[in-house]
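Let me begin by presenting the structure, written as structure tokens, before commenting on it.
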Amino acid sequence: GPLRTMFSGQTPRLRALHLSMVPWLPANHFPSLTHLCLTDINGPLIPFNDFVHLIRQCPQLQHLALTETDFLDSTDEDYVVPDDADELLGSLRRLSFDKMPITTVNHILLCLKPPRIDVAIQALRIPLDISPNPMDTVSVTSFIPEICSTLTQLAILRSSWHSDVTITAMGSNAALRLSTMSVDFDHPFWDPDRPVEWAKVQLDALPLTQIETFYISFMAFRSSRPFPYVTDLPKVVERMTNLKQLIIFTNDLSLFLGDFFSLKRTQHPQHRLSELHVIVKPLDPAFGLSGPVDGFRVEDPSALPAIDNIIIHWHCPQGIETTLEYTMDKLYRYYPSIEVRRDTHVEFGLTFPEVCHDPVAYPEWIGSQWDIQF
């Protein structure tokens with residue numbers, strides 16, 4: 001349909017605009033607009049070109065948030081990179097997607113990628129297909145490689161063995177955050193491993209050579225079912241050729257070390273890790289740790305990662321100290337510099353750069369809150 005004007009076409013001072021569930025986009029020129037949020041703008045009436053036209057009319061746009069929004073075009077051929085693409089988002093600092101199909105997110109990043117490298121980009125609550133495939137990845141490396149090359153911290157966050165997964169990365173002036181949509185237990189396609197499979201594919205698509213700090217929370221062992229990241233961790237870490245600090249939250253020290261140190265690596269260590277922090281917290285303090293007190297095995301000591309310092313943060317009940325002592329006796333055989341801290345509070349968290357914080361955005365806008373404390 002024809003584009004429409006709002007406010008009689010005059011918006012010289014309007015700074016923030018939130019449109020929800022309307023079948024059209026305004027044709028106004030918004031000379032002062034810095035914040036634009038489109039929610040549930042879907043359907044057969046709005047072509048992608050109308051969206052590009054709206055962005056073109058917002059030369060001062062700093063924060064663009066899109067929630068459950070899609071456009072008429074549905075094929076790759078319909079999304080054409082505008083001739084002035086490098087100029088359209090020249091002021092943008094924050095770009096947020098929420099509950100958006102990955103194909104739509106990738107099309108928008110292809111056609112309207114931010115030209116600045118000091119920018120925060122996030123795609124939250126990504127709906128996943130039933131089975132994993134490479135098309136499930138947000139193609140940030142292809143569309144914004146300059147931003148990816150500045151990221152020095154990476155975190156994989158999952159609060160429980162069956163919850164959604166968040167991947168987040170940051171540098172001094174840029175940040176990236178991606179997360180999967182939660183699925184109810186009674187959903188016919190519920191699969192607790194599906195978010196993890198997505199995260200593995202997404203990590204494969206990210207450049208990791210500049211990462212210096214890597215967090216994983218929470219690496220859970222539940223009965224005989226270990227968290228799937230353990231088997232893939234050495235391969236991921238080997239790609240982080242500048243990694244200095246690895247921080248793991250787990251519910252079982254012995255089982256984590258057993259899996260991690262017994263895995264065969266694709267190559268021998270090429271660099272030294274300055275610090276390995278293992279924060280040990282039982283899933284339920286009333287039941288203690290999940291695994292047996294059997295220590296761990298090392299099949300090839302020469303293939304162990306080179307680590308200068310190992311710090312164990314112990315948050316477990318006094319009654320299971322035997323687990324710690326037995327595990328430490330074995331660990332000392334391979335690493336002389338080990339410290340055990342019986343912390344009541346571990347101060348690890350993710351503090352994002354200034355670009356992520358938006359004092360103007362309404363609290364309900366995706367992207368207004370970034371910092372994470374473990």
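Residue numbering restarts at 1 for every chain of the structure tokens, chains are lettered A, B, ... in their displayed order, and ligands are numbered from 1 as they appear.
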Would you kindly return, as an mmCIF file with all heavy atoms, in the first residue's frame, each protein, DNA or RNA residue with an atom no farther than 9 Å from any atom of Ser96 (chain A), considering only C-alpha atoms and excluding same-chain residues fewer than 2 positions away?
```cif
data_model
loop_
_atom_site.group_PDB
_atom_site.id
_atom_site.type_symbol
_atom_site.label_atom_id
_atom_site.label_comp_id
_atom_site.auth_asym_id
_atom_site.auth_seq_id
_atom_site.Cartn_x
_atom_site.Cartn_y
_atom_site.Cartn_z
ATOM 1 N N HIS A 63 19.604 3.938 17.733
ATOM 2 C CA HIS A 63 19.146 2.650 18.281
ATOM 3 C C HIS A 63 17.966 2.173 17.444
ATOM 4 O O HIS A 63 16.926 2.829 17.376
ATOM 5 C CB HIS A 63 18.713 2.837 19.744
ATOM 6 C CG HIS A 63 18.346 1.545 20.434
ATOM 7 N ND1 HIS A 63 18.641 1.306 21.759
ATOM 8 C CD2 HIS A 63 17.720 0.422 19.998
ATOM 9 C CE1 HIS A 63 18.205 0.105 22.094
ATOM 10 N NE2 HIS A 63 17.635 -0.440 21.040
ATOM 11 N N LEU A 64 18.139 1.014 16.812
ATOM 12 C CA LEU A 64 17.085 0.390 16.019
ATOM 13 C C LEU A 64 16.756 -0.954 16.643
ATOM 14 O O LEU A 64 17.627 -1.819 16.782
ATOM 15 C CB LEU A 64 17.534 0.208 14.572
ATOM 16 C CG LEU A 64 16.583 -0.573 13.641
ATOM 17 C CD1 LEU A 64 15.227 0.122 13.545
ATOM 18 C CD2 LEU A 64 17.209 -0.753 12.267
ATOM 19 N N ALA A 65 15.499 -1.138 17.067
ATOM 20 C CA ALA A 65 15.050 -2.383 17.688
ATOM 21 C C ALA A 65 13.903 -2.963 16.866
ATOM 22 O O ALA A 65 12.913 -2.275 16.602
ATOM 23 C CB ALA A 65 14.606 -2.124 19.125
ATOM 24 N N LEU A 66 14.044 -4.229 16.484
ATOM 25 C CA LEU A 66 13.021 -4.918 15.695
ATOM 26 C C LEU A 66 12.578 -6.162 16.458
ATOM 27 O O LEU A 66 13.408 -7.020 16.794
ATOM 28 C CB LEU A 66 13.571 -5.314 14.324
ATOM 29 C CG LEU A 66 14.123 -4.177 13.458
ATOM 30 C CD1 LEU A 66 14.782 -4.745 12.208
ATOM 31 C CD2 LEU A 66 13.022 -3.214 13.085
ATOM 32 N N THR A 67 11.286 -6.255 16.730
ATOM 33 C CA THR A 67 10.739 -7.383 17.484
ATOM 34 C C THR A 67 9.618 -8.036 16.691
ATOM 35 O O THR A 67 8.658 -7.359 16.301
ATOM 36 C CB THR A 67 10.188 -6.914 18.847
ATOM 37 O OG1 THR A 67 11.243 -6.298 19.593
ATOM 38 C CG2 THR A 67 9.629 -8.086 19.642
ATOM 39 N N ARG A 94 23.357 0.955 18.293
ATOM 40 C CA ARG A 94 22.756 -0.256 18.845
ATOM 41 C C ARG A 94 21.715 -0.802 17.875
ATOM 42 O O ARG A 94 20.818 -0.074 17.449
ATOM 43 C CB ARG A 94 22.088 0.045 20.193
ATOM 44 C CG ARG A 94 23.074 0.300 21.327
ATOM 45 C CD ARG A 94 22.422 0.950 22.521
ATOM 46 N NE ARG A 94 22.053 2.330 22.237
ATOM 47 C CZ ARG A 94 22.878 3.365 22.322
ATOM 48 N NH1 ARG A 94 24.127 3.176 22.690
ATOM 49 N NH2 ARG A 94 22.461 4.577 22.029
ATOM 50 N N ASP A 98 14.664 -9.220 18.093
ATOM 51 C CA ASP A 98 14.068 -10.073 19.105
ATOM 52 C C ASP A 98 12.970 -10.919 18.470
ATOM 53 O O ASP A 98 12.081 -10.381 17.786
ATOM 54 C CB ASP A 98 13.482 -9.212 20.239
ATOM 55 C CG ASP A 98 12.951 -10.053 21.391
ATOM 56 O OD1 ASP A 98 13.475 -11.156 21.615
ATOM 57 O OD2 ASP A 98 11.999 -9.620 22.067
ATOM 58 N N ALA A 120 26.820 -2.084 19.141
ATOM 59 C CA ALA A 120 26.326 -3.260 19.852
ATOM 60 C C ALA A 120 25.215 -3.892 19.019
ATOM 61 O O ALA A 120 24.252 -3.210 18.658
ATOM 62 C CB ALA A 120 25.808 -2.876 21.238
ATOM 63 N N ILE A 121 25.353 -5.174 18.735
ATOM 64 C CA ILE A 121 24.377 -5.893 17.915
ATOM 65 C C ILE A 121 23.911 -7.122 18.686
ATOM 66 O O ILE A 121 24.724 -7.847 19.259
ATOM 67 C CB ILE A 121 24.972 -6.314 16.567
ATOM 68 C CG1 ILE A 121 25.364 -5.075 15.755
ATOM 69 C CG2 ILE A 121 24.002 -7.180 15.775
ATOM 70 C CD1 ILE A 121 26.046 -5.396 14.443
ATOM 71 N N GLN A 122 22.599 -7.338 18.715
ATOM 72 C CA GLN A 122 22.109 -8.535 19.369
ATOM 73 C C GLN A 122 20.896 -9.094 18.629
ATOM 74 O O GLN A 122 20.092 -8.351 18.062
ATOM 75 C CB GLN A 122 21.769 -8.267 20.825
ATOM 76 C CG GLN A 122 20.723 -7.193 21.055
ATOM 77 C CD GLN A 122 20.470 -6.962 22.535
ATOM 78 O OE1 GLN A 122 21.071 -7.600 23.387
ATOM 79 N NE2 GLN A 122 19.570 -6.062 22.849
ATOM 80 N N ALA A 123 20.808 -10.425 18.638
ATOM 81 C CA ALA A 123 19.639 -11.139 18.125
ATOM 82 C C ALA A 123 19.204 -12.086 19.230
ATOM 83 O O ALA A 123 19.888 -13.081 19.501
ATOM 84 C CB ALA A 123 19.980 -11.901 16.846
ATOM 85 N N LEU A 124 18.111 -11.763 19.883
ATOM 86 C CA LEU A 124 17.666 -12.499 21.058
ATOM 87 C C LEU A 124 16.452 -13.363 20.743
ATOM 88 O O LEU A 124 15.679 -13.079 19.832
ATOM 89 C CB LEU A 124 17.315 -11.523 22.183
ATOM 90 C CG LEU A 124 18.413 -10.538 22.586
ATOM 91 C CD1 LEU A 124 17.945 -9.680 23.755
ATOM 92 C CD2 LEU A 124 19.687 -11.277 22.945
ATOM 93 N N TRP A 365 12.358 -1.870 25.777
ATOM 94 C CA TRP A 365 13.034 -2.030 24.502
ATOM 95 C C TRP A 365 14.181 -3.009 24.659
ATOM 96 O O TRP A 365 15.003 -2.904 25.580
ATOM 97 C CB TRP A 365 13.580 -0.692 24.003
ATOM 98 C CG TRP A 365 12.556 0.177 23.359
ATOM 99 C CD1 TRP A 365 11.212 0.126 23.541
ATOM 100 C CD2 TRP A 365 12.804 1.234 22.446
ATOM 101 N NE1 TRP A 365 10.607 1.093 22.797
ATOM 102 C CE2 TRP A 365 11.551 1.791 22.109
ATOM 103 C CE3 TRP A 365 13.948 1.776 21.879
ATOM 104 C CZ2 TRP A 365 11.414 2.850 21.229
ATOM 105 C CZ3 TRP A 365 13.820 2.834 21.016
ATOM 106 C CH2 TRP A 365 12.568 3.364 20.680
ATOM 107 N N ILE A 366 14.259 -3.950 23.754
ATOM 108 C CA ILE A 366 15.356 -4.903 23.772
ATOM 109 C C ILE A 366 16.670 -4.141 23.575
ATOM 110 O O ILE A 366 16.803 -3.310 22.690
ATOM 111 C CB ILE A 366 15.176 -5.938 22.655
ATOM 112 C CG1 ILE A 366 13.892 -6.735 22.886
ATOM 113 C CG2 ILE A 366 16.371 -6.877 22.572
ATOM 114 C CD1 ILE A 366 13.865 -7.496 24.188
ATOM 115 N N GLY A 367 17.632 -4.441 24.432
ATOM 116 C CA GLY A 367 18.935 -3.789 24.319
ATOM 117 C C GLY A 367 19.195 -2.753 25.373
ATOM 118 O O GLY A 367 20.267 -2.175 25.421
#
```
What parts of region 97-231 of chain A does DSSP call helix (DSSP H, G or I)? I'd like the answer as a short mmCIF file (atom, residue, chain, number, x, y, z; two decimals) with all heavy atoms, in the first residue's frame.
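File out.cif, as written:
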```
data_model
loop_
_atom_site.label_atom_id
_atom_site.label_comp_id
_atom_site.auth_asym_id
_atom_site.auth_seq_id
_atom_site.Cartn_x
_atom_site.Cartn_y
_atom_site.Cartn_z
N ILE A 102 16.16 -16.16 11.69
CA ILE A 102 17.57 -15.93 11.36
C ILE A 102 17.72 -15.43 9.92
O ILE A 102 18.57 -14.58 9.64
CB ILE A 102 18.38 -17.22 11.59
CG1 ILE A 102 18.53 -17.47 13.08
CG2 ILE A 102 19.74 -17.14 10.93
CD1 ILE A 102 19.30 -18.72 13.44
N THR A 103 16.90 -15.95 9.00
CA THR A 103 17.02 -15.49 7.61
C THR A 103 16.75 -14.00 7.48
O THR A 103 17.44 -13.30 6.74
CB THR A 103 16.05 -16.28 6.72
OG1 THR A 103 14.72 -16.23 7.27
CG2 THR A 103 16.48 -17.73 6.60
N THR A 104 15.75 -13.50 8.22
CA THR A 104 15.45 -12.07 8.17
C THR A 104 16.57 -11.25 8.79
O THR A 104 16.96 -10.21 8.26
CB THR A 104 14.12 -11.78 8.90
OG1 THR A 104 13.08 -12.55 8.31
CG2 THR A 104 13.76 -10.30 8.81
N VAL A 105 17.12 -11.72 9.92
CA VAL A 105 18.24 -11.02 10.55
C VAL A 105 19.41 -10.93 9.58
O VAL A 105 20.02 -9.85 9.41
CB VAL A 105 18.66 -11.75 11.84
CG1 VAL A 105 19.95 -11.14 12.41
CG2 VAL A 105 17.55 -11.68 12.89
N ASN A 106 19.72 -12.02 8.92
CA ASN A 106 20.85 -12.02 7.98
C ASN A 106 20.59 -11.12 6.78
O ASN A 106 21.51 -10.44 6.28
CB ASN A 106 21.15 -13.45 7.53
CG ASN A 106 21.87 -14.26 8.60
OD1 ASN A 106 22.52 -13.69 9.48
ND2 ASN A 106 21.75 -15.56 8.53
N HIS A 107 19.37 -11.11 6.29
CA HIS A 107 19.05 -10.23 5.16
C HIS A 107 19.24 -8.77 5.55
O HIS A 107 19.78 -7.96 4.77
CB HIS A 107 17.61 -10.46 4.71
CG HIS A 107 17.43 -11.69 3.88
ND1 HIS A 107 16.31 -12.50 3.96
CD2 HIS A 107 18.23 -12.28 2.94
CE1 HIS A 107 16.44 -13.50 3.12
NE2 HIS A 107 17.58 -13.39 2.49
N ILE A 108 18.79 -8.40 6.74
CA ILE A 108 18.93 -7.00 7.17
C ILE A 108 20.39 -6.65 7.38
O ILE A 108 20.85 -5.56 6.98
CB ILE A 108 18.10 -6.77 8.44
CG1 ILE A 108 16.60 -6.88 8.12
CG2 ILE A 108 18.40 -5.39 9.04
CD1 ILE A 108 15.69 -6.81 9.32
N LEU A 109 21.17 -7.55 7.98
CA LEU A 109 22.59 -7.28 8.16
C LEU A 109 23.32 -7.16 6.83
O LEU A 109 24.26 -6.38 6.69
CB LEU A 109 23.24 -8.38 9.01
CG LEU A 109 22.88 -8.40 10.50
CD1 LEU A 109 23.49 -9.61 11.18
CD2 LEU A 109 23.36 -7.12 11.18
N LEU A 110 22.90 -7.95 5.85
CA LEU A 110 23.51 -7.87 4.52
C LEU A 110 23.22 -6.54 3.86
O LEU A 110 24.11 -5.90 3.29
CB LEU A 110 22.99 -9.01 3.65
CG LEU A 110 23.34 -8.95 2.16
CD1 LEU A 110 24.84 -9.07 1.96
CD2 LEU A 110 22.60 -10.03 1.38
N CYS A 111 21.97 -6.10 3.94
CA CYS A 111 21.55 -4.91 3.21
C CYS A 111 21.85 -3.62 3.97
O CYS A 111 22.06 -2.56 3.35
CB CYS A 111 20.06 -4.98 2.90
SG CYS A 111 19.60 -6.36 1.82
N PRO A 134 23.78 -25.39 9.14
CA PRO A 134 24.59 -24.16 9.07
C PRO A 134 23.78 -22.90 8.80
O PRO A 134 24.22 -21.80 9.11
CB PRO A 134 25.56 -24.46 7.92
CG PRO A 134 25.64 -25.94 7.87
CD PRO A 134 24.27 -26.43 8.24
N MET A 135 22.58 -23.04 8.23
CA MET A 135 21.76 -21.87 7.95
C MET A 135 21.17 -21.26 9.22
O MET A 135 20.57 -20.20 9.19
CB MET A 135 20.62 -22.26 6.99
CG MET A 135 21.10 -22.75 5.64
SD MET A 135 22.18 -21.56 4.80
CE MET A 135 21.01 -20.23 4.52
N ASP A 136 21.34 -21.94 10.36
CA ASP A 136 20.83 -21.43 11.62
C ASP A 136 21.71 -20.34 12.21
O ASP A 136 21.39 -19.81 13.28
CB ASP A 136 20.72 -22.57 12.65
CG ASP A 136 19.49 -23.42 12.43
OD1 ASP A 136 18.55 -22.95 11.77
OD2 ASP A 136 19.46 -24.56 12.93
N VAL A 140 27.31 -12.90 11.27
CA VAL A 140 27.98 -11.65 11.62
C VAL A 140 29.38 -11.58 11.02
O VAL A 140 29.85 -10.50 10.66
CB VAL A 140 28.05 -11.49 13.16
CG1 VAL A 140 26.68 -11.19 13.73
CG2 VAL A 140 28.62 -12.74 13.81
N THR A 141 30.05 -12.72 10.89
CA THR A 141 31.41 -12.70 10.34
C THR A 141 31.42 -12.26 8.89
O THR A 141 32.31 -11.52 8.45
CB THR A 141 32.04 -14.09 10.46
OG1 THR A 141 31.97 -14.52 11.83
CG2 THR A 141 33.49 -14.07 10.03
N SER A 142 30.41 -12.69 8.13
CA SER A 142 30.36 -12.34 6.71
C SER A 142 30.00 -10.88 6.51
O SER A 142 30.53 -10.21 5.62
CB SER A 142 29.32 -13.22 6.01
OG SER A 142 29.67 -14.59 6.12
N PHE A 143 29.08 -10.36 7.35
CA PHE A 143 28.53 -9.03 7.09
C PHE A 143 29.24 -7.93 7.87
O PHE A 143 29.29 -6.79 7.43
CB PHE A 143 27.04 -9.02 7.43
CG PHE A 143 26.25 -10.07 6.69
CD1 PHE A 143 25.22 -10.75 7.30
CD2 PHE A 143 26.55 -10.38 5.37
CE1 PHE A 143 24.49 -11.73 6.61
CE2 PHE A 143 25.85 -11.35 4.67
CZ PHE A 143 24.81 -12.02 5.29
N PRO A 145 32.66 -8.17 9.54
CA PRO A 145 33.92 -8.74 10.02
C PRO A 145 34.76 -7.76 10.82
O PRO A 145 35.51 -8.16 11.71
CB PRO A 145 34.63 -9.16 8.72
CG PRO A 145 34.03 -8.30 7.65
CD PRO A 145 32.60 -8.10 8.07
N GLU A 146 34.66 -6.46 10.51
CA GLU A 146 35.46 -5.47 11.22
C GLU A 146 35.08 -5.43 12.70
O GLU A 146 35.94 -5.25 13.57
CB GLU A 146 35.28 -4.08 10.61
CG GLU A 146 35.70 -3.97 9.15
CD GLU A 146 34.61 -4.41 8.18
OE1 GLU A 146 33.51 -4.77 8.67
OE2 GLU A 146 34.85 -4.39 6.97
N ILE A 147 33.79 -5.59 12.99
CA ILE A 147 33.34 -5.60 14.39
C ILE A 147 33.82 -6.86 15.09
O ILE A 147 34.34 -6.83 16.21
CB ILE A 147 31.81 -5.48 14.45
CG1 ILE A 147 31.36 -4.13 13.88
CG2 ILE A 147 31.31 -5.65 15.88
CD1 ILE A 147 29.85 -3.98 13.78
N CYS A 148 33.67 -8.01 14.43
CA CYS A 148 34.06 -9.28 15.03
C CYS A 148 35.54 -9.31 15.39
O CYS A 148 35.94 -9.93 16.38
CB CYS A 148 33.72 -10.43 14.09
SG CYS A 148 31.94 -10.70 13.89
N ARG A 194 19.00 -29.21 21.58
CA ARG A 194 18.91 -28.39 20.37
C ARG A 194 19.60 -27.04 20.54
O ARG A 194 20.35 -26.62 19.64
CB ARG A 194 17.43 -28.22 19.97
CG ARG A 194 17.22 -27.43 18.70
CD ARG A 194 17.82 -28.14 17.48
NE ARG A 194 17.82 -27.29 16.33
CZ ARG A 194 18.82 -26.50 15.98
NH1 ARG A 194 19.92 -26.45 16.73
NH2 ARG A 194 18.75 -25.77 14.91
N PRO A 195 19.38 -26.28 21.63
CA PRO A 195 20.10 -25.00 21.77
C PRO A 195 21.62 -25.18 21.79
O PRO A 195 22.36 -24.32 21.30
CB PRO A 195 19.58 -24.45 23.11
CG PRO A 195 18.26 -25.10 23.29
CD PRO A 195 18.41 -26.48 22.72
N VAL A 196 22.09 -26.29 22.38
CA VAL A 196 23.53 -26.53 22.43
C VAL A 196 24.07 -26.81 21.03
O VAL A 196 25.14 -26.32 20.65
CB VAL A 196 23.83 -27.71 23.37
CG1 VAL A 196 25.32 -28.06 23.34
CG2 VAL A 196 23.41 -27.38 24.79
N GLU A 197 23.33 -27.59 20.25
CA GLU A 197 23.76 -27.86 18.87
C GLU A 197 23.82 -26.56 18.07
O GLU A 197 24.74 -26.35 17.27
CB GLU A 197 22.80 -28.86 18.21
CG GLU A 197 22.83 -30.25 18.82
CD GLU A 197 24.19 -30.89 18.73
OE1 GLU A 197 24.88 -30.67 17.69
OE2 GLU A 197 24.61 -31.58 19.66
N TRP A 198 22.84 -25.68 18.29
CA TRP A 198 22.88 -24.38 17.61
C TRP A 198 24.12 -23.59 18.03
O TRP A 198 24.80 -22.99 17.19
CB TRP A 198 21.62 -23.57 17.95
CG TRP A 198 21.76 -22.13 17.59
CD1 TRP A 198 21.58 -21.56 16.35
CD2 TRP A 198 22.17 -21.06 18.46
NE1 TRP A 198 21.84 -20.20 16.42
CE2 TRP A 198 22.21 -19.87 17.68
CE3 TRP A 198 22.49 -20.98 19.80
CZ2 TRP A 198 22.55 -18.64 18.23
CZ3 TRP A 198 22.85 -19.76 20.35
CH2 TRP A 198 22.87 -18.60 19.56
N ALA A 199 24.41 -23.59 19.33
CA ALA A 199 25.56 -22.82 19.82
C ALA A 199 26.86 -23.33 19.22
O ALA A 199 27.76 -22.55 18.89
CB ALA A 199 25.62 -22.90 21.35
N LYS A 200 27.00 -24.65 19.06
CA LYS A 200 28.20 -25.21 18.45
C LYS A 200 28.37 -24.74 17.01
O LYS A 200 29.46 -24.35 16.58
CB LYS A 200 28.15 -26.73 18.51
CG LYS A 200 28.34 -27.30 19.91
CD LYS A 200 27.82 -28.72 20.05
CE LYS A 200 28.43 -29.67 19.07
NZ LYS A 200 27.93 -31.05 19.27
N VAL A 201 27.27 -24.75 16.26
CA VAL A 201 27.32 -24.29 14.87
C VAL A 201 27.61 -22.79 14.81
O VAL A 201 28.39 -22.32 13.97
CB VAL A 201 25.99 -24.62 14.14
CG1 VAL A 201 25.99 -24.04 12.73
CG2 VAL A 201 25.78 -26.13 14.08
N GLN A 202 26.99 -22.02 15.72
CA GLN A 202 27.21 -20.58 15.73
C GLN A 202 28.65 -20.24 16.10
O GLN A 202 29.27 -19.35 15.51
CB GLN A 202 26.25 -19.91 16.71
CG GLN A 202 26.34 -18.39 16.73
CD GLN A 202 25.85 -17.75 15.45
OE1 GLN A 202 24.69 -17.85 15.09
NE2 GLN A 202 26.76 -17.07 14.75
N LEU A 203 29.21 -20.98 17.07
CA LEU A 203 30.61 -20.75 17.43
C LEU A 203 31.55 -21.04 16.26
O LEU A 203 32.55 -20.35 16.07
CB LEU A 203 31.00 -21.61 18.63
CG LEU A 203 30.60 -21.11 20.01
CD1 LEU A 203 31.00 -22.12 21.07
CD2 LEU A 203 31.24 -19.76 20.30
N ASP A 204 31.24 -22.07 15.49
CA ASP A 204 32.06 -22.39 14.32
C ASP A 204 32.07 -21.24 13.32
O ASP A 204 33.03 -21.11 12.54
CB ASP A 204 31.54 -23.66 13.64
CG ASP A 204 31.86 -24.93 14.43
OD1 ASP A 204 32.75 -24.87 15.29
OD2 ASP A 204 31.20 -25.95 14.17
N TYR A 229 28.91 -29.42 25.93
CA TYR A 229 30.05 -28.59 25.55
C TYR A 229 31.38 -29.23 25.90
O TYR A 229 32.41 -28.89 25.32
CB TYR A 229 29.97 -27.24 26.26
CG TYR A 229 29.01 -26.27 25.66
CD1 TYR A 229 28.11 -25.59 26.44
CD2 TYR A 229 29.00 -26.03 24.29
CE1 TYR A 229 27.21 -24.69 25.90
CE2 TYR A 229 28.11 -25.14 23.74
CZ TYR A 229 27.22 -24.47 24.54
OH TYR A 229 26.33 -23.59 23.99
N VAL A 230 31.41 -30.10 26.89
CA VAL A 230 32.70 -30.63 27.34
C VAL A 230 33.45 -31.30 26.19
O VAL A 230 34.64 -31.09 26.00
CB VAL A 230 32.50 -31.64 28.50
CG1 VAL A 230 33.86 -32.14 29.00
CG2 VAL A 230 31.74 -30.97 29.64
N THR A 231 32.76 -32.09 25.40
CA THR A 231 33.42 -32.82 24.32
C THR A 231 33.93 -31.90 23.22
O THR A 231 34.84 -32.26 22.49
CB THR A 231 32.46 -33.86 23.71
OG1 THR A 231 31.27 -33.20 23.25
CG2 THR A 231 32.09 -34.90 24.74
#
```
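When only C-alpha atoms are used to measure the gap to Pro336 (chain A), the shortest distance among A:Leu128, A:Ile248, A:Ile310, A:Cys356 belongs to A:Ile310.
CA of Asp191 (chain A) to CA of Ala220 (chain A) spans 16.3 Å [interatomic distance, one decimal].
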Problem set entry | DSSP strand (DSSP E) residues within region 65-224 of chain A, listed as an MDAnalysis selection string | chainID A and resid 65:67 94:98 120:126 153:157 166:170 175:180 213:219 221:222
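Using only C-alpha atoms, the smallest distance between any of A:Met21, A:Ile312, A:Ala155, A:Leu208 and Glu68 (chain A) comes from A:Met21.
Nearest residue to Arg272 (chain A) among A:Glu299, A:Leu257, A:Leu89, A:Asp308 is A:Asp308, counting only C-alpha atoms.
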For this session: With a distance cut-off of 9 Å and only C-alpha atoms, select the neighbouring residues of Pro127 (chain A), excluding the residue or stretch itself and same-chain residues fewer than 3 positions from it, and output the selection as JSON, numbers by chain.
Result: {"A": [99, 100, 101, 102, 180, 181, 182]}
Exercise. Which one is closest to Leu151 (chain A): A:Val165, A:Cys58, A:Ile126, A:Leu176? Count only C-alpha atoms.
Worked result: A:Leu176
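The smallest atom-to-atom distance between Pro47 (chain A) and any of A:Leu33, A:Ser337, A:Leu25, A:Gln62, using only C-alpha atoms, is found for A:Leu25.
In this comparison, which uses only C-alpha atoms, the residue of A:Phe352, A:Phe249, A:Phe97, A:Phe71 approaching Ile156 (chain A) most closely is A:Phe249.
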Exercise. How many Å lie between CA of Thr250 (chain A) and CA of Leu276 (chain A), rounded to one decimal?
Worked result: 12.9 Å
Problem set entry | Straight-line distance linking CA of His53 (chain A) with CA of Ser139 (chain A), stated in Å to one decimal | 23.8 Å
